[in-house]
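Okay, structure first, notes after.
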Amino acid sequence: MSAMVDTAPAHPVAPARDEGRASAPWALAAPALMLFLGVLVIPLAMTVLLSFHDWGQYKGIEPVLILKNWHEIATDPYYLEMFGRTFRIALLTTLITAVLGAPEAYILNRMAGPWKSFFLLVILGPLLISVVARTLGWALLFGGNNGLVNKLLMSLGLIDAPLPFMFTETGVVVALAHVMMPFMVLSVWAALQRLDPQIENAATSLGAGSFTIMRRIIMPQIMPGVLAGAIIVFSLSASAFATPAIIGGRRLKVAATLAYDEFLNTLNWPLGAAVAVLLLVALVLIVVGSNALIERRYAEVFR
Amino acid sequence: MRRNGPLALTFHAIFVIVMLAPIAVVCLVAFTPEGYLSLPTNGFSLRWFRAIANYPEFVRAFWVSLGLGALSSLMALLFAIPAALAIARYKFRGRDTLAALFQSPLMIPHVVLGIAFLRFFTAIGMGGTFGALLVAHVIVVFPFALRLTLAAATGMDRSVEMAAISLGAGGWTLFRRVTLPLILPGVVSGWALAFIQSFDDLTMTVFLATPGTETLPVRMFLYIQDNIDPLVTSVSACVIAITMAALVLLDRFYGLDRVLAGKSDTGR
């Protein structure tokens with residue numbers, strides 16, 4: 001391409017843009033890079049540092065390097081329980097979205113053109129609607145012992161007495177599964193787009209029944225999509241704030257709501273920073289680890 | 001391809017109803033004529049929409065959100081367009097690292113970002129200002145602005161640029177008259193998606209907002225923490241309507257499926 005520019009007429013031509021000056025891309029990316037180094041990397045480093053600082057009710061934050069906060073998190077069973085709850089909620093949410101979202105994506109994919117795009121929009125649209133509004137909807141549906149969800153479940157004969165949804169883990173998981181569902185449907189949907197429908201027809205012509213096709217043809221091929229979706233849903237659920245705060249209330253703390261409390265109510269910033277850093281590190285390890293596992297297991301699919 | 005059976009369609013119907021139920025119930029309750037939370041069984045009323053006007057905090061928060069969304073997504077684009085051109089057109093050492101850094105706000109939990117920004121801006125004496133909120137939002141919406149701009153820049157037909165160069169256009173003229181118009185659909189969609197992200201963000205903003213700079217989601221969240229009444233449902237209904245409007249804009253310019261498909265790997 002550079003040769004083409006070089007042969008252009010005598011004008012002072014712009015330098016060949018592809019393999020030209022090595023500094024050109026850096027000059028273009030410099031403003032954004034500066035922004036990210038200055039206002040993202042430095043604040044994150046400061047937060048890690050903050051988690052090693054001391055704090056007292058009256059003395060405030062003391063810029064020393066001690067392990068007090070980390071020691072407290074490691075030894076106080078309250079934090080073990082809280083992180084246990086956080087990851088339990090995230091895991092259950094991930095399971096629900098996988099079990100319900102994957103079949104729905106498959107059904108969507110088999111629909112005729114216009115219906116397909118219409119329902120895809122209906123299911124994915126909520127992704128862009130405020131999480132506060134969506135969670136508020138669940139708070140209204142749960143609403144005490146005579147909420148709509150309980151009325152419906154009782155009239156269907158599924159339960160005898162109203163279930164408590166507000167301020168329970170059950171309620172948080174249900175609402176969170178709804179919030180995260182579009183990510184799973186989308187991920188499985190993307191995997192289905194790579195699937196060749198002729199394979200299914202070939203299996204049918206060779207005498208495979210629908211169960212066999214499902215188990216031997218469809219499942220192995222959409223599994224990478226389900227797992228990729230699961231990673232997204234898990235990491236977003238484990239760090240979710242609005243839904244656990246509104247449905248879970250003040251007593252049912254997860255990592256994000258606890259860090260919020262430490263920062264804006266107790267004002268123990270170093271401890272809040274430690275909780276947040278631990279959450280970040282745990283999530284990065286889980287995400288990177290499972291990505292590596294998936295890529296090794298499904299190397300042939302990603303190639 | 002085989003058709004869906006009745007069992008599959010029943011599952012699908014229940015699935016769609018459950019997905020829409022919480023959003024529908026918010027919008028329905030917003031129209032209640034009663035003074036308490038209830039479905040509008042005795043006719044529809046706009047009293048709770050009118051009530052918003054008597055609650056200046058919500059009105060003020062709405063304008064903060066609107067200004068913040070519009071400004072931060074615009075600023076993010078000013079940084080993202082040259083960065084996208086660099087990544088799309090050049091092969092250079094550190095390119096993948098740079099792209100990963102620019103996508104990193106998607107991977108970092110927003111609660112961690114909120115804490116980091118609160119710590120940083122307090123330390124440099126900008127705590128609680130609109131400027132701090134603006135810069136934080138630029139970072140958070142940057143990946144969305146970059147992604148769609150990058151897609152447009154990668155898919156662009158370079159021969160038009162070559163023609164312009166051979167006719168003597170260079171530098172700024174080339175960018176303004178040729179490159180920018182060609183990537184404009186991606187840029188506008190990037191702006192709209194970034195706007196929605198900024199407009200909806202709660203988790204990061206809740207750490208930075210002070211009574212003067214509360215955004216609408218923050219105001220709604222703090223209101224819900226105290227009590228839930230029909231007022232917050234009518235505010236939510238307005239938010240849903242605004243998001244829908246931005247969605248229509250996105251669909252017109254870019255195709256919603258492409259935008260949403262781009263959103264699929266948000267958590268990575």
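In the structure tokens, chains take the letters A, B, ... in the order shown, each chain's residues start at 1, and ligands count up from 1 in the order shown.
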Extract the full set of helix (DSSP H, G or I) residues from stretch 75-286 of chain A according to DSSP on the backbone, and format it as a ChimeraX atom specification.
-> /A:75,77-109,113-128,131-142,148-155,169-193,197-205,210-238,242-248,255-266,269-286
Contact set, chain B to chain A: 7 Å, only C-alpha atoms, as JSON, numbers by chain | {"B": [1, 3, 4, 8, 12, 16, 19, 22, 23, 25, 26, 79, 80, 82, 83, 86, 89, 90, 108, 109, 111, 112, 116, 117, 119, 120, 165, 166, 168, 170, 171, 196, 200, 203, 217, 221, 225, 236, 240, 243, 261, 264, 265, 267, 268]}
Selection near B:Ala51, 10 Å with only C-alpha atoms, sequence-local residues under 5 positions removed, as a VMD selection string | chain B and resid 46 56 230 to 231 234 to 235
Looking at A:Val254, A:Leu227, A:Val64, A:Ile218, which one is nearest to A:Met82, with distances taken over only C-alpha atoms?
->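 When distances to A:Met82 are compared using only C-alpha atoms, the smallest one comes from A:Val254.
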Best match for closeness to A:Leu95 among A:Leu176, A:Tyr79, A:Asn146, A:Leu152, counting only C-alpha atoms |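 Comparing A:Leu176, A:Tyr79, A:Asn146, A:Leu152 against A:Leu95, the winner is A:Leu176.
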In Å, with one decimal, what is the gap from atom CA of A:Ala102 to atom CA of A:Met166?
->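 Going from atom CA of A:Ala102 over to atom CA of A:Met166 covers 27.5 Å.
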For A:Pro270, the nearest of the candidates B:Ile115, B:Asp96, B:Ile87, B:Gly67, counting only C-alpha atoms | B:Ile115
Please, what distance in Å, to one decimal, runs between atom CA of B:Ala152 and atom CA of B:Leu250?
->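 About the pair atom CA of B:Ala152 and atom CA of B:Leu250: they are 14.3 Å apart.
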